[in-house]
Amino acid sequence: RAGVAHAEGRANAAALYAKAAQAFDAVEMGLYAAAARCREGELRAGDVGERLRLGAEAWMHRQGIRNPAAMVRVWCPVGATPPERPRVS
């Protein structure tokens with residue numbers, strides 16, 4: 001639901017990511033919860049959003065994930081900016 005709301009530009013997308021993160025935490029799915037918090041943080045303004053995103057990225061680093069942004073693109077692809085690829089001529 002959060003991803004669809006995000007893709008459609010709906011105002012409730014951040015709240016839906018927060019709800020998803022809580023649900024994932026409840027069933028000990030920390031990586032999914034962290035990815036949802038990153039997306040929520042991207043959508044929330046100011047310090048609140050930055051704290052959410054940085055906290056989720058720090059959790060991923062503690063788990064040994066070297067590139068949290070890439071992991072978020074896997075689990076929450078909506079809103080992600082894909083890495084640039086070289087052009088083939």
# chains A, B, ... in the order shown; residues from 1 in each chain; ligands from 1
call {"tool": "residues_around", "arguments": {"residues": "segment 8-17 of chain A", "least_positions_apart": "3", "cutoff": "6 Å", "atoms": "only C-alpha atoms", "output": "number ranges by chain"}}
result
A: 2, 5, 20, 36, 40, 43
call {"tool": "write_last_selection", "arguments": {"atoms": "N, CA and C atoms", "output": "compact mmCIF listing (two decimals), in the first residue's frame"}}
result
# COMPACT_ATOMS: atom_id res chain seq x y z
N ALA A 2 1.92 1.25 0.80
CA ALA A 2 2.77 2.44 0.89
C ALA A 2 3.41 2.74 -0.45
N ALA A 5 0.83 4.19 -2.82
CA ALA A 5 0.52 5.57 -2.43
C ALA A 5 1.67 6.50 -2.82
N ALA A 20 3.79 0.20 7.90
CA ALA A 20 4.45 -1.00 7.40
C ALA A 20 5.68 -1.32 8.26
N ALA A 36 11.44 0.45 4.84
CA ALA A 36 10.23 1.26 4.90
C ALA A 36 10.51 2.58 5.63
N GLU A 40 9.99 6.35 4.33
CA GLU A 40 9.21 7.30 5.12
C GLU A 40 10.04 8.56 5.38
N LEU A 43 10.18 10.99 2.61
CA LEU A 43 8.93 11.72 2.37
C LEU A 43 8.64 12.76 3.46
call {"tool": "residues_around", "arguments": {"residues": "segment 56-61 of chain A", "least_positions_apart": "2", "cutoff": "12 Å", "atoms": "only C-alpha atoms", "output": "ChimeraX atom specification"}}
result
/A:21,30-42,49-54,63-72
call {"tool": "select_by_dssp", "arguments": {"residues": "chain A", "states": "helix (DSSP H, G or I)", "output": "ChimeraX atom specification"}}
result
/A:2-7,13-26,30-43,46-62,68-75
call {"tool": "atom_distance", "arguments": {"atom1": "atom CA of Pro77 of chain A", "atom2": "atom CA of Arg1 of chain A"}}
result
12.9 Å
call {"tool": "residues_around", "arguments": {"residues": "Gly3 of chain A", "least_positions_apart": "4", "cutoff": "7 Å", "atoms": "only C-alpha atoms", "output": "list in words"}}
result
Ala7, Cys76 and Val78 of chain A
